[in-house]
Structures are given as structure tokens and as C-alpha cells.
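Below is target_39.cif, holding mmCIF, C-alpha atoms and all ligand atoms.
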data_model
#
loop_
_atom_site.label_atom_id
_atom_site.label_comp_id
_atom_site.auth_asym_id
_atom_site.auth_seq_id
_atom_site.Cartn_x
_atom_site.Cartn_y
_atom_site.Cartn_z
CA MET S 392 0.00 0.00 0.00
CA TYR S 393 2.84 2.41 0.78
CA ASP S 394 5.55 3.35 -1.68
CA PHE S 395 8.96 2.05 -0.68
CA ASP S 396 10.22 1.69 -4.22
CA THR S 397 10.40 5.18 -5.66
CA LEU S 398 13.98 6.27 -6.04
CA LEU S 399 14.30 9.55 -4.17
CA ASN S 400 17.17 11.77 -5.15
CA ARG S 401 18.48 12.94 -1.79
CA ARG S 402 21.59 14.55 -3.22
CA GLY S 403 21.77 18.27 -2.70
CA THR S 404 19.81 18.14 0.55
CA ASP S 405 22.94 18.16 2.71
CA CYS S 406 22.09 14.69 3.96
CA TYR S 407 25.02 12.88 5.49
CA LYS S 408 24.35 9.63 3.70
CA TRP S 409 24.72 10.90 0.12
CA ASP S 410 26.11 14.42 0.33
CA GLY S 411 28.53 13.41 3.07
CA LEU S 412 30.23 10.76 0.89
CA ALA S 413 32.78 13.14 -0.59
CA LYS S 414 33.93 14.36 2.79
CA GLU S 415 33.86 11.03 4.57
CA TYR S 416 35.08 8.69 1.81
CA GLY S 417 36.64 11.10 -0.66
CA ASP S 418 34.31 9.81 -3.37
CA PRO S 419 30.75 11.09 -3.92
CA GLU S 420 29.89 8.25 -6.30
CA LEU S 421 30.04 5.34 -3.87
CA MET S 422 26.85 3.47 -3.02
CA PRO S 423 26.10 4.58 0.54
CA PHE S 424 25.47 1.82 3.06
CA TRP S 425 26.99 3.68 5.95
CA VAL S 426 24.58 6.10 7.69
CA ALA S 427 21.70 4.30 9.39
CA ASP S 428 18.86 6.14 7.77
CA MET S 429 16.46 5.17 5.06
CA ASP S 430 15.99 6.29 1.48
CA PHE S 431 12.26 5.70 1.51
CA LYS S 432 9.58 8.32 1.28
CA CYS S 433 8.44 9.07 4.79
CA LEU S 434 4.99 8.49 6.24
CA PRO S 435 2.63 10.55 3.98
CA GLU S 436 0.76 11.91 7.02
CA LEU S 437 4.02 13.34 8.33
CA ASP S 438 4.68 15.14 5.06
CA GLN S 439 1.19 16.52 5.10
CA ALA S 440 1.26 17.65 8.73
CA LEU S 441 4.55 19.49 8.24
CA ARG S 442 3.20 21.20 5.14
CA GLU S 443 -0.01 22.24 6.86
CA ARG S 444 1.94 23.62 9.80
CA THR S 445 3.79 26.02 7.51
CA VAL S 446 0.77 27.60 5.86
CA GLY S 447 0.47 31.22 6.96
CA ALA S 448 2.28 30.26 10.11
CA THR S 449 4.39 31.76 12.83
CA TYR S 450 7.10 29.81 14.55
CA GLY S 451 7.23 31.16 18.06
CA TYR S 452 8.13 29.33 21.27
CA THR S 453 6.16 26.09 21.47
CA PHE S 454 5.68 23.58 24.27
CA PRO S 455 4.82 19.89 24.00
CA GLY S 456 1.05 19.67 24.36
CA GLU S 457 -1.06 16.94 25.89
CA ASP S 458 -1.50 15.26 22.50
CA TYR S 459 2.23 14.94 22.16
CA PHE S 460 2.58 13.02 25.44
CA LYS S 461 -0.52 10.98 24.69
CA SER S 462 0.93 9.92 21.34
CA ILE S 463 3.97 8.45 23.08
CA THR S 464 2.11 6.72 25.91
CA SER S 465 -0.46 5.19 23.61
CA TRP S 466 2.26 4.08 21.17
CA TYR S 467 4.01 2.20 23.98
CA GLU S 468 0.74 0.65 25.03
CA ARG S 469 -0.29 -0.37 21.50
CA ARG S 470 3.05 -1.48 20.13
CA HIS S 471 4.76 -2.86 23.23
CA GLY S 472 2.02 -3.48 25.78
CA ALA S 473 3.98 -1.16 28.08
CA ALA S 474 2.42 1.28 30.52
CA VAL S 475 4.18 4.63 30.36
CA SER S 476 2.66 7.70 31.93
CA ALA S 477 3.01 11.19 30.50
CA ASP S 478 4.83 12.53 33.53
CA GLU S 479 7.59 9.93 33.11
CA ILE S 480 8.63 11.47 29.79
CA VAL S 481 11.51 13.95 29.60
CA ASN S 482 12.32 15.46 26.22
CA ALA S 483 15.75 15.74 24.67
CA PRO S 484 16.88 16.76 21.19
CA GLY S 485 18.62 13.42 20.54
CA VAL S 486 18.87 9.99 22.08
CA LEU S 487 22.55 10.37 22.84
CA THR S 488 22.06 13.90 24.07
CA GLY S 489 19.48 12.52 26.50
CA ILE S 490 21.88 9.84 27.73
CA HIS S 491 24.66 12.38 28.17
CA PHE S 492 22.36 14.59 30.23
CA ALA S 493 21.23 11.65 32.34
CA LEU S 494 24.86 10.87 33.06
CA ALA S 495 25.63 14.47 33.87
CA ALA S 496 22.65 14.69 36.22
CA LEU S 497 23.15 11.41 38.04
CA GLY S 498 26.88 10.87 37.97
CA LYS S 499 30.12 12.67 38.49
CA PRO S 500 33.37 12.75 36.57
CA GLY S 501 35.37 9.62 37.22
CA ASP S 502 32.33 7.35 37.60
CA SER S 503 32.54 4.12 35.64
CA ILE S 504 30.12 3.20 32.90
CA ILE S 505 29.90 -0.26 31.38
CA ILE S 506 29.36 -0.69 27.66
CA ASN S 507 29.38 -3.84 25.58
CA THR S 508 31.71 -4.36 22.66
CA PRO S 509 31.28 -4.20 19.75
CA VAL S 510 28.82 -1.32 19.96
CA TYR S 511 27.54 1.80 18.21
CA PRO S 512 30.68 4.02 18.09
CA PRO S 513 29.41 7.11 19.99
CA PHE S 514 29.12 4.96 23.13
CA TYR S 515 32.90 5.30 23.44
CA LYS S 516 32.46 9.06 23.68
CA PHE S 517 31.08 8.82 27.20
CA GLU S 518 34.70 8.77 28.23
CA GLU S 519 35.77 11.79 26.25
CA ASN S 520 32.77 14.00 26.85
CA GLY S 521 31.73 13.20 30.36
CA ARG S 522 35.09 12.22 31.79
CA TYR S 523 33.57 8.89 32.81
CA ARG S 524 35.63 5.75 32.87
CA VAL S 525 34.31 3.37 30.23
CA LEU S 526 34.51 -0.32 31.15
CA GLN S 527 34.22 -2.58 28.13
CA SER S 528 32.37 -5.84 28.53
CA PRO S 529 32.85 -7.93 25.37
CA LEU S 530 29.79 -9.70 24.07
CA ILE S 531 30.10 -13.42 23.48
CA GLU S 532 29.67 -14.39 19.86
CA LYS S 533 28.28 -17.81 19.00
CA ASN S 534 27.64 -18.58 15.35
CA GLY S 535 27.07 -14.95 14.48
CA ARG S 536 24.74 -14.32 17.42
CA TYR S 537 25.77 -12.12 20.34
CA PHE S 538 25.19 -12.78 24.04
CA LEU S 539 25.79 -10.78 27.21
CA ASP S 540 28.60 -12.12 29.38
CA PHE S 541 27.01 -12.09 32.83
CA VAL S 542 30.15 -13.29 34.57
CA ASP S 543 32.15 -10.41 33.17
CA LEU S 544 29.33 -7.95 33.89
CA ASP S 545 29.16 -9.12 37.48
CA GLU S 546 32.90 -8.53 37.86
CA LYS S 547 32.74 -5.09 36.28
CA MET S 548 29.79 -4.07 38.45
CA ARG S 549 31.52 -5.44 41.53
CA SER S 550 34.48 -3.20 40.75
CA GLY S 551 32.24 -0.18 41.40
CA ALA S 552 30.58 0.67 38.07
CA ARG S 553 27.87 3.28 38.49
CA PHE S 554 26.14 3.01 35.09
CA TYR S 555 25.54 0.50 32.35
CA ALA S 556 24.69 1.80 28.88
CA LEU S 557 22.87 -0.99 27.09
CA CYS S 558 22.12 -0.86 23.39
CA SER S 559 18.74 -2.60 23.10
CA PRO S 560 18.24 -3.83 20.38
CA HIS S 561 21.94 -4.03 19.78
CA ASN S 562 23.67 -1.95 17.15
CA PRO S 563 25.50 -3.35 15.13
CA SER S 564 24.29 -6.96 15.38
CA GLY S 565 20.55 -6.27 15.45
CA ARG S 566 20.17 -8.63 18.39
CA ILE S 567 17.02 -8.23 20.52
CA TRP S 568 17.79 -9.13 24.13
CA SER S 569 15.32 -11.68 25.46
CA ARG S 570 13.05 -10.96 28.39
CA GLN S 571 15.02 -13.47 30.43
CA GLU S 572 18.36 -11.83 29.64
CA LEU S 573 17.00 -8.41 30.53
CA LEU S 574 15.51 -9.63 33.81
CA GLU S 575 18.84 -11.17 34.70
CA LEU S 576 20.55 -7.91 33.87
CA VAL S 577 18.14 -5.92 36.01
CA ALA S 578 18.75 -8.27 38.94
CA LEU S 579 22.50 -7.82 38.53
CA CYS S 580 22.24 -4.04 38.36
CA ARG S 581 19.99 -4.00 41.42
CA LYS S 582 22.46 -6.12 43.31
CA HIS S 583 25.32 -3.73 42.56
CA GLY S 584 23.42 -0.42 42.61
CA VAL S 585 24.04 0.25 38.92
CA ILE S 586 21.79 2.58 36.90
CA LEU S 587 20.75 1.03 33.61
CA LEU S 588 20.58 3.37 30.61
CA SER S 589 18.81 1.60 27.80
CA ASP S 590 19.22 3.06 24.32
CA GLU S 591 16.11 1.75 22.56
CA ILE S 592 16.20 3.83 19.40
CA HIS S 593 15.95 0.61 17.32
CA GLY S 594 13.22 -0.83 19.55
CA ASP S 595 10.27 -0.15 17.26
CA LEU S 596 12.02 -1.88 14.36
CA ALA S 597 11.60 -5.49 15.52
CA MET S 598 11.36 -7.86 12.58
CA PRO S 599 7.97 -9.52 12.05
CA GLY S 600 7.49 -12.17 14.71
CA LYS S 601 10.17 -10.72 17.02
CA THR S 602 9.45 -8.82 20.23
CA HIS S 603 11.45 -6.00 21.72
CA HIS S 604 11.05 -5.51 25.47
CA PRO S 605 11.20 -1.89 26.67
CA LEU S 606 13.15 -2.08 29.88
CA LEU S 607 10.58 -0.29 32.01
CA SER S 608 7.91 -2.78 31.05
CA LEU S 609 9.74 -5.70 32.62
CA SER S 610 9.15 -5.31 36.35
CA GLU S 611 8.90 -2.88 39.24
CA GLU S 612 12.58 -3.48 39.91
CA ALA S 613 13.43 -2.45 36.38
CA ARG S 614 11.42 0.75 36.72
CA LYS S 615 13.39 1.77 39.80
CA ILE S 616 16.82 1.58 38.22
CA SER S 617 16.40 2.20 34.52
CA ILE S 618 16.10 4.96 32.01
CA ILE S 619 14.93 4.40 28.45
CA ALA S 620 16.28 6.71 25.76
CA SER S 621 14.32 6.57 22.54
CA ALA S 622 12.83 8.43 19.60
CA PRO S 623 10.76 7.93 16.47
CA SER S 624 13.73 9.11 14.41
CA LYS S 625 15.19 5.76 13.32
CA THR S 626 11.80 4.13 12.83
CA PHE S 627 10.20 6.88 10.79
CA ASN S 628 13.32 8.34 9.25
CA CYS S 629 13.01 11.77 10.80
CA ALA S 630 16.37 12.03 12.57
CA GLY S 631 16.89 15.50 11.09
CA LEU S 632 14.00 16.76 13.19
CA LYS S 633 15.89 16.00 16.41
CA SER S 634 13.02 14.87 18.59
CA SER S 635 13.74 12.30 21.29
CA PHE S 636 12.78 11.49 24.84
CA LEU S 637 13.81 9.72 28.00
CA ILE S 638 11.39 7.64 30.03
CA ILE S 639 12.24 7.71 33.72
CA ALA S 640 9.83 6.15 36.18
CA ASP S 641 11.80 6.89 39.33
CA GLU S 642 10.71 10.33 40.55
CA GLU S 643 14.02 11.35 42.08
CA MET S 644 16.10 10.40 39.03
CA ARG S 645 13.60 12.07 36.73
CA GLN S 646 13.64 15.34 38.64
CA LYS S 647 17.41 15.47 38.57
CA VAL S 648 17.66 14.73 34.85
CA SER S 649 14.85 17.08 33.97
CA ARG S 650 16.41 19.90 36.00
CA LYS S 651 19.76 19.35 34.33
CA ILE S 652 18.25 19.56 30.83
CA LYS S 653 16.24 22.65 31.75
CA SER S 654 19.29 24.30 33.26
CA TYR S 655 20.81 24.34 29.77
CA HIS S 656 17.63 25.83 28.36
CA ILE S 657 17.14 22.94 25.96
CA ASP S 658 13.88 22.34 24.10
CA ILE S 659 12.72 20.40 21.07
CA ASP S 660 11.66 22.53 18.15
CA LEU S 661 8.06 22.65 17.07
CA PHE S 662 8.55 20.51 13.95
CA GLY S 663 10.19 17.79 15.99
CA LEU S 664 7.30 17.76 18.45
CA LEU S 665 4.78 17.66 15.63
CA ALA S 666 6.62 14.82 13.87
CA THR S 667 6.68 12.67 17.00
CA LYS S 668 2.99 13.21 17.57
CA VAL S 669 1.98 12.44 13.98
CA VAL S 670 4.09 9.34 13.41
CA PHE S 671 3.11 7.81 16.74
CA GLU S 672 -0.55 8.56 16.11
CA LYS S 673 -0.71 7.50 12.49
CA GLY S 674 2.29 5.35 11.66
CA ASP S 675 1.22 1.80 12.62
CA ALA S 676 0.30 0.49 9.19
CA TRP S 677 3.29 2.18 7.53
CA LEU S 678 5.66 0.64 10.06
CA ASP S 679 4.17 -2.84 9.73
CA GLU S 680 4.65 -2.68 5.98
CA LEU S 681 8.12 -1.22 6.32
CA MET S 682 9.17 -4.11 8.54
CA ARG S 683 8.01 -6.67 6.02
CA TYR S 684 10.02 -4.83 3.39
CA LEU S 685 13.12 -4.57 5.56
CA GLU S 686 12.86 -8.22 6.49
CA ALA S 687 12.77 -9.17 2.80
CA ASN S 688 15.78 -6.93 2.09
CA ALA S 689 17.76 -8.35 4.98
CA LYS S 690 16.92 -11.93 3.96
CA ARG S 691 17.98 -11.29 0.41
CA MET S 692 21.20 -9.76 1.61
CA VAL S 693 21.98 -12.64 3.99
CA GLU S 694 21.26 -15.20 1.26
CA PHE S 695 23.34 -13.23 -1.19
CA VAL S 696 26.29 -13.07 1.19
CA ASP S 697 25.97 -16.75 1.91
CA ALA S 698 25.81 -17.72 -1.73
CA ARG S 699 28.13 -15.22 -3.35
CA LEU S 700 30.68 -13.99 -0.84
CA PRO S 701 32.75 -16.93 0.30
CA GLY S 702 34.44 -16.31 3.63
CA VAL S 703 31.88 -13.75 4.76
CA LYS S 704 29.14 -14.52 7.28
CA ALA S 705 25.99 -12.55 7.89
CA SER S 706 23.26 -13.41 10.36
CA MET S 707 19.68 -12.33 10.07
CA PRO S 708 19.14 -9.42 12.51
CA ASP S 709 16.22 -9.54 14.97
CA ALA S 710 15.64 -5.83 14.44
CA SER S 711 16.46 -2.75 12.42
CA TYR S 712 18.25 -2.27 9.13
CA LEU S 713 21.85 -3.00 9.82
CA LEU S 714 23.76 -6.03 8.76
CA TRP S 715 26.93 -7.07 10.55
CA LEU S 716 29.24 -8.89 8.19
CA ASP S 717 31.92 -11.12 9.65
CA CYS S 718 34.78 -11.30 7.17
CA ARG S 719 37.22 -13.37 9.24
CA GLY S 720 36.94 -16.27 6.84
CA ARG S 721 38.31 -14.13 4.05
CA ASP S 722 41.82 -13.91 5.42
CA LEU S 723 42.32 -10.30 4.40
CA SER S 724 43.71 -7.55 6.59
CA GLN S 725 41.07 -5.06 7.68
CA GLU S 726 42.91 -2.39 5.73
CA GLU S 727 42.76 -4.41 2.54
CA LEU S 728 39.13 -5.29 3.14
CA VAL S 729 38.16 -1.66 3.59
CA ARG S 730 40.21 -0.64 0.57
CA ARG S 731 38.59 -3.27 -1.61
CA ILE S 732 35.09 -2.40 -0.54
CA LYS S 733 35.69 1.14 -1.60
CA THR S 734 37.78 0.77 -4.72
CA LYS S 735 36.45 -2.48 -6.19
CA GLY S 736 32.98 -2.68 -4.72
CA ARG S 737 32.39 1.08 -4.94
CA LEU S 738 30.50 0.82 -1.67
CA ALA S 739 30.55 3.04 1.41
CA LEU S 740 30.30 0.79 4.46
CA ASN S 741 31.23 1.19 8.10
CA ASP S 742 34.60 -0.27 8.97
CA GLY S 743 33.96 -2.71 11.83
CA THR S 744 36.87 -1.31 13.84
CA MET S 745 34.76 1.79 14.48
CA PHE S 746 32.60 -0.40 16.72
CA GLY S 747 35.57 -1.16 18.94
CA PRO S 748 37.07 -4.47 19.93
CA GLY S 749 35.23 -7.31 18.27
CA GLY S 750 34.79 -5.19 15.18
CA ALA S 751 38.11 -5.91 13.49
CA THR S 752 37.56 -7.93 10.31
CA ALA S 753 33.91 -6.99 10.25
CA ILE S 754 31.92 -4.45 8.35
CA CYS S 755 28.54 -2.97 8.94
CA ALA S 756 26.05 -2.26 6.20
CA SER S 757 22.70 -0.61 6.23
CA THR S 758 20.36 -2.92 4.32
CA THR S 759 17.82 -0.37 3.28
CA ALA S 760 18.71 -0.41 -0.40
CA LEU S 761 15.67 0.22 -2.46
CA ARG S 762 14.37 -2.43 -4.76
CA ASP S 763 15.37 -2.36 -8.38
CA TYR S 764 18.01 0.22 -9.32
CA THR S 765 19.80 0.76 -6.03
CA TRP S 766 19.65 -2.86 -5.10
CA ARG S 767 21.10 -3.99 -8.41
CA LYS S 768 23.82 -1.40 -8.32
CA ALA S 769 24.72 -2.39 -4.80
CA LEU S 770 24.84 -6.07 -5.63
CA ARG S 771 27.07 -5.36 -8.59
CA GLY S 772 29.43 -3.72 -6.12
CA TRP S 773 29.33 -6.67 -3.76
CA ASN S 774 30.01 -8.98 -6.68
CA GLU S 775 33.16 -7.10 -7.55
CA LEU S 776 34.67 -7.46 -4.11
CA TRP S 777 36.47 -10.72 -4.53
CA GLU S 778 38.80 -11.60 -7.36
CA PRO S 779 37.12 -14.03 -9.72
CA ARG S 780 38.72 -17.44 -9.29
CA GLN S 781 39.98 -19.52 -12.22
CA PRO S 782 37.00 -21.34 -13.70
CA ARG S 783 37.28 -25.08 -13.32
CA GLU S 784 35.13 -28.07 -14.02
CA PRO S 785 32.42 -27.94 -11.35
CA ASP S 786 32.25 -30.90 -8.99
CA ALA S 787 28.99 -32.13 -7.52
CA SER S 788 28.95 -29.72 -4.56
CA THR S 789 29.78 -26.71 -6.73
CA LYS S 790 27.00 -27.68 -9.11
CA SER S 791 24.44 -27.78 -6.35
CA ARG S 792 25.71 -24.49 -4.89
CA THR S 793 25.52 -22.92 -8.32
CA ALA S 794 21.97 -24.15 -8.69
CA THR S 795 21.00 -22.62 -5.36
CA VAL S 796 22.49 -19.28 -6.27
CA GLU S 797 21.01 -19.29 -9.72
CA SER S 798 17.57 -19.98 -8.38
CA PHE S 799 18.03 -17.41 -5.60
CA SER S 800 19.21 -14.84 -8.11
CA ARG S 801 16.38 -15.48 -10.51
CA ASN S 802 13.84 -15.09 -7.75
CA HIS S 803 15.34 -12.14 -5.99
CA ILE S 804 17.42 -10.01 -8.27
CA PRO S 805 15.59 -7.88 -10.79
CA GLY S 806 17.30 -8.08 -14.13
CA TYR S 807 19.04 -11.40 -13.45
CA PRO S 808 20.79 -12.98 -15.34
CA ARG S 809 21.74 -9.97 -17.45
CA LEU S 810 23.90 -8.47 -14.71
CA TYR S 811 24.94 -11.44 -12.66
CA THR S 812 26.04 -14.20 -14.90
CA ARG S 813 29.66 -14.12 -13.70
CA ARG S 814 30.45 -17.11 -11.56
CA CYS S 815 32.77 -16.55 -8.64
CA PHE S 816 32.84 -19.77 -6.72
CA PRO S 817 35.87 -21.49 -5.36
C1 LIG Q 1 22.02 2.81 19.01
C2 LIG Q 1 21.90 4.23 18.54
N1 LIG Q 1 21.74 5.21 19.43
C3 LIG Q 1 21.61 6.50 19.04
C4 LIG Q 1 21.68 6.84 17.71
C5 LIG Q 1 21.61 8.28 17.32
O1 LIG Q 1 20.52 8.89 17.87
P1 LIG Q 1 20.46 10.47 18.06
O2 LIG Q 1 20.90 11.06 16.76
O3 LIG Q 1 19.04 10.74 18.39
O4 LIG Q 1 21.40 10.77 19.17
C6 LIG Q 1 21.84 5.84 16.74
C7 LIG Q 1 21.92 6.19 15.32
O5 LIG Q 1 22.24 5.40 14.47
C8 LIG Q 1 21.95 4.51 17.17
O6 LIG Q 1 22.10 3.52 16.29
#

Can the structure from this file be put into C-alpha cells for me?
Ligand SMILES: Cc1ncc(COP(=O)(O)O)c(C=O)c1O
Amino acid sequence: MYDFDTLLNRRGTDCYKWDGLAKEYGDPELMPFWVADMDFKCLPELDQALRERTVGATYGYTFPGEDYFKSITSWYERRHGAAVSADEIVNAPGVLTGIHFALAALGKPGDSIIINTPVYPPFYKFEENGRYRVLQSPLIEKNGRYFLDFVDLDEKMRSGARFYALCSPHNPSGRIWSRQELLELVALCRKHGVILLSDEIHGDLAMPGKTHHPLLSLSEEARKISIIASAPSKTFNCAGLKSSFLIIADEEMRQKVSRKIKSYHIDIDLFGLLATKVVFEKGDAWLDELMRYLEANAKRMVEFVDARLPGVKASMPDASYLLWLDCRGRDLSQEELVRRIKTKGRLALNDGTMFGPGGATAICASTTALRDYTWRKALRGWNELWEPRQPREPDASTKSRTATVESFSRNHIPGYPRLYTRRCFP
């Protein structure tokens, strides 16, 4: 019903993803898979509401009205079965900004904050910006799936950590933490007096059939020690409108954080407030369709990697539109890998080392390529990554692999076999 296929030309809008290529990669013509935003047309009702707001308008100081808060609380109720009350919401002009303010309000320089590795790169900035000591707790990887290491977390918390910044769902792996894992985490944090900051910006993007658990919905214990930082920005592709919020059930923590934000005279602008209200009120059907689309894209990409990129592993994410590609099996240095992706593949991807330890020999791609043109162009790039091997007489296993790929390609790649007849199997 919604249009996710029209190719939008975003160039010339100063968007990071396309217009930022020249500065970031020194080449404006790469296919951008780096910034985690989408190239789809946004929710039509959002477009319309923004347009209507500008007709004969003034743009004076604006506060978040009752409808704004109601849109968030009823979204949490509808989409997550979670009870959030309006007075638990504290606004911030960015998810990370909110987390930084929470840290500033509740901690002091020198406090320790646990993060998992690999993780979304700005998490490492807590050290730089807030003068906190970042304690890295490596995730355990089993067959491409990541798990929290509770033994290590217990040790780190025992050593006096004050905060734990959890990425839930996890960027870059797309892992949704199970209810059981989260409950265990809450119990651990309670035991050691650790405040749990849960970055849930990807939480509304659970794949069909998967369930994200907002931390505050888990238990009374969780409500006492946690803060959710979230926004509609990733879900509805409106990050440029800078509208986010914290949910803090504990009165004392909330007052402190709210006072800190107010003390800097920080507000969300009126378009950001309007966007949040509209997408949360009217975005259900759009989001459901989007998730089916993203799931299909991610599946195609995982199958493609499996069939066509020997030595690279990709696992289906539980949520969002990132794909974490493990290239260890390729036996290339990270430098060479990154160089090849750019010069041969003509792709702009995130070097896994940006995500910290555990990211070497990995790359992160945003899987939101549009169908048709962009998708084909991207796949052509992926195809070029590895040197074609010398053709040889196929043995039985190669023949069956070839058959799988051919049938996959015919079903999934528009234009096949015109573009993808080259065989690159070992
Ligand atoms: C886990 C995570 N947190 C936060 C952000 C950025 O949010 P904001 O721009 O609202 O700070 C991103 C963006 O990709 C993200 O992936």
C-alpha cells in the first residue's frame, strides 16, 4: 500500500548519507550503506502535517502539548504493551544527548560506565565528553549471534561501576535481548546499585514475529533503576527533526535529569514535536509494511552473502536495518578489506573497527537499499569485491551451490541474469 520503491534523489539536501560521501570517503559516487537512515519516502501523514503547519504560520516558542505526550504513551501501550505515563517522559533533542544529560545529572566525573563491545561508536564518547571511565564488557559471539557475558558484567559491576549503557536492540548486530536476559541484567544491576541506561532507538524496528522488550515494562525493579532513551527518528526516518525522549519512572532520578536539561535551556523545536505526535498517532500500518520490506531486504542480503561472498558470514538481525558482516573467513587484513570495498565494490560501508574491539575484520552495512536500481547497483558492487577465481570443471557440490544461487538470483534479483552471470565460486 505504501511506496517504498520510488527512487528519491536525496543529493543536494545536505544529507550525510549521500552528500557526506565526498567528505567522509573522498568519493561522492560510492553506493552509501553507511549512515543508518532510510531512502524511503516518509509516512505521507508526516509530510502533510509538516506542510499544513507552515501555511500562513508563525514559529514562536512552542511547548509539547497533551496530544504529544498521549501519542507516546499510547504508542508504547499499542506497540509494546507497556504502561508509560506522560509525567515519566523527559524530552531531549537526541537519544545520545538525552543519555549524556542523564549521566551528567546522576553521575560525576570519574564514575565508571559499562558498555558492551562491539557497539555503536558514539558509546565510546562517554569517556571523552563526560570524563567517565568506560569499562568494556565484550559480548560473546556464537555462530554470528551475540550474548551478554554475565560473569564479566558481574565482575565489572563489583568493581564499582555506576552506570551500564545498554544498546537494546543491539547496534550493530541487530540482536534483541530476550526478556530473560533483561531480567537477569536488572537483577544484577539491582544487586550492585548500577543505573541502567537503555538506548532503545531501534526498539520499534523489531522484525515480524520478534518482540522488543522496553526495559521499564519488565518489572517494578526495572522501573526503579532504569532509564529508556528513545525516539521515532530511526523508525520513521526523521532524525533530522531531532526529537527524542527519556522515560524515567523513578521520581528522584527524573527530577534530577529534567532539571539538568532545563538548566541548559534545551527544548525540542516545534517541527520535531509535531513529527513525534503524527508518526506515533498515524504510523502503525506504515511501520508494519516497512518491517516486512526490511525483512525481505535483509533476507535477500543474507542469502546473497551466503551464496556469493565466500568467507563472509551474515546473520539475520532480529531488528532494524543493519547487517553485521563477519569477514574473518576471508583472510584479508582489515585495511585491505576496507580498501577493496571502496575501490572495487564502490560501496561506502562502516569499517567494523569503528565499533571497537570485536569489530576488526567486520563491516557494517545498512540494508535499506531500495528495490530495483539501487539494489542492483549495490549487488554489482558486492560482486566485484572478490577476485574471480579460475573457472574449473564444477564438482557435484559446486554444481548444487551454483543451482541454489542461480535460483536465488532469478527469484530475488531484478534483471538477473543480465547483470549477474559471472560465476565466482571457489
Ligand atoms: C544505538 C543508537 N543510538 C543513538 C543513535 C543516534 O541517535 P540520536 O541522533 O538521536 O542521538 C543511533 C543512530 O544510528 C543509534 O544507532

Residues within 6 Å of ligand LIG 1 (chain Q) (all atoms listed in the file), as number ranges by chain?
S: 427, 485-488, 511, 558, 562, 590, 592

Smallest atom-to-atom distance to Leu437 of chain S: which of S:Glu775, S:Asp410, S:Glu672, S:Asp641, using only C-alpha atoms?
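Comparing S:Glu775, S:Asp410, S:Glu672, S:Asp641 against Leu437 of chain S, the winner is S:Glu672.
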
As a VMD selection string, please: the residues near Trp409 of chain S (cut-off 9 Å, all atoms listed in the file, same-chain neighbours under 5 positions excluded).
chain S and resid 401 to 404 419 to 423 426

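Residues of protein, DNA or RNA having at least one counted atom within 6 Å of (13.0, 6.0, 0.0), given only C-alpha atoms, are Phe395, Leu399, Asp430, Phe431 and Lys432 of chain S.
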
Next, write the just-selected residues to a file, as a PDB file, keeping the file's coordinate frame, keeping C-alpha atoms as the atom set.
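Written out: out_24.pdb:
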ATOM      1  CA  PHE S 395       8.960   2.050  -0.680  1.00  0.00           C
ATOM      2  CA  LEU S 399      14.300   9.550  -4.170  1.00  0.00           C
ATOM      3  CA  ASP S 430      15.990   6.290   1.480  1.00  0.00           C
ATOM      4  CA  PHE S 431      12.260   5.700   1.510  1.00  0.00           C
ATOM      5  CA  LYS S 432       9.580   8.320   1.280  1.00  0.00           C
TER       6      LYS S 432
END

Atom CA of Leu557 of chain S to atom CA of Phe671 of chain S, straight-line distance in Å:
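If I compute the distance from atom CA of Phe671 of chain S to atom CA of Leu557 of chain S, I get 24.0 Å.
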
Give me the residues near Phe492 of chain S as a ChimeraX atom specification, where near means some atom within 12 Å (using all atoms listed in the file) and where sequence neighbours in that chain fewer than 5 positions away do not count.
/S:481-487,497-499,517,520-521,588,618,620,636-637,644-645,647-655,657

Could segment 639-656 of chain S be completed with N, CA and C atoms and returned as a tab-separated table (two decimals), keeping the file's coordinate frame?
chain	number	residue	atom	x	y	z
S	639	ILE	N	11.63	7.95	32.41
S	639	ILE	CA	12.24	7.71	33.72
S	639	ILE	C	11.11	7.57	34.74
S	640	ALA	N	10.94	6.37	35.24
S	640	ALA	CA	9.83	6.15	36.18
S	640	ALA	C	10.18	6.65	37.58
S	641	ASP	N	11.41	6.50	37.97
S	641	ASP	CA	11.80	6.89	39.33
S	641	ASP	C	11.78	8.41	39.47
S	642	GLU	N	10.96	8.89	40.39
S	642	GLU	CA	10.71	10.33	40.55
S	642	GLU	C	12.00	11.12	40.82
S	643	GLU	N	12.82	10.59	41.69
S	643	GLU	CA	14.02	11.35	42.08
S	643	GLU	C	14.99	11.47	40.88
S	644	MET	N	15.20	10.35	40.20
S	644	MET	CA	16.10	10.40	39.03
S	644	MET	C	15.53	11.35	37.98
S	645	ARG	N	14.21	11.25	37.78
S	645	ARG	CA	13.60	12.07	36.73
S	645	ARG	C	13.75	13.56	37.03
S	646	GLN	N	13.51	13.92	38.28
S	646	GLN	CA	13.64	15.34	38.64
S	646	GLN	C	15.05	15.85	38.38
S	647	LYS	N	16.01	15.04	38.75
S	647	LYS	CA	17.41	15.47	38.57
S	647	LYS	C	17.74	15.64	37.09
S	648	VAL	N	17.33	14.67	36.29
S	648	VAL	CA	17.66	14.73	34.85
S	648	VAL	C	16.92	15.89	34.19
S	649	SER	N	15.66	16.02	34.55
S	649	SER	CA	14.85	17.08	33.97
S	649	SER	C	15.42	18.47	34.32
S	650	ARG	N	15.82	18.61	35.57
S	650	ARG	CA	16.41	19.90	36.00
S	650	ARG	C	17.69	20.19	35.23
S	651	LYS	N	18.48	19.15	35.04
S	651	LYS	CA	19.76	19.35	34.33
S	651	LYS	C	19.49	19.83	32.90
S	652	ILE	N	18.54	19.17	32.23
S	652	ILE	CA	18.25	19.56	30.83
S	652	ILE	C	17.71	21.00	30.79
S	653	LYS	N	16.82	21.29	31.73
S	653	LYS	CA	16.24	22.65	31.75
S	653	LYS	C	17.31	23.69	32.04
S	654	SER	N	18.27	23.32	32.87
S	654	SER	CA	19.29	24.30	33.26
S	654	SER	C	20.10	24.74	32.04
S	655	TYR	N	20.12	23.94	31.00
S	655	TYR	CA	20.81	24.34	29.77
S	655	TYR	C	19.85	24.97	28.76
S	656	HIS	N	18.61	25.15	29.20
S	656	HIS	CA	17.63	25.83	28.36
S	656	HIS	C	17.39	25.07	27.05
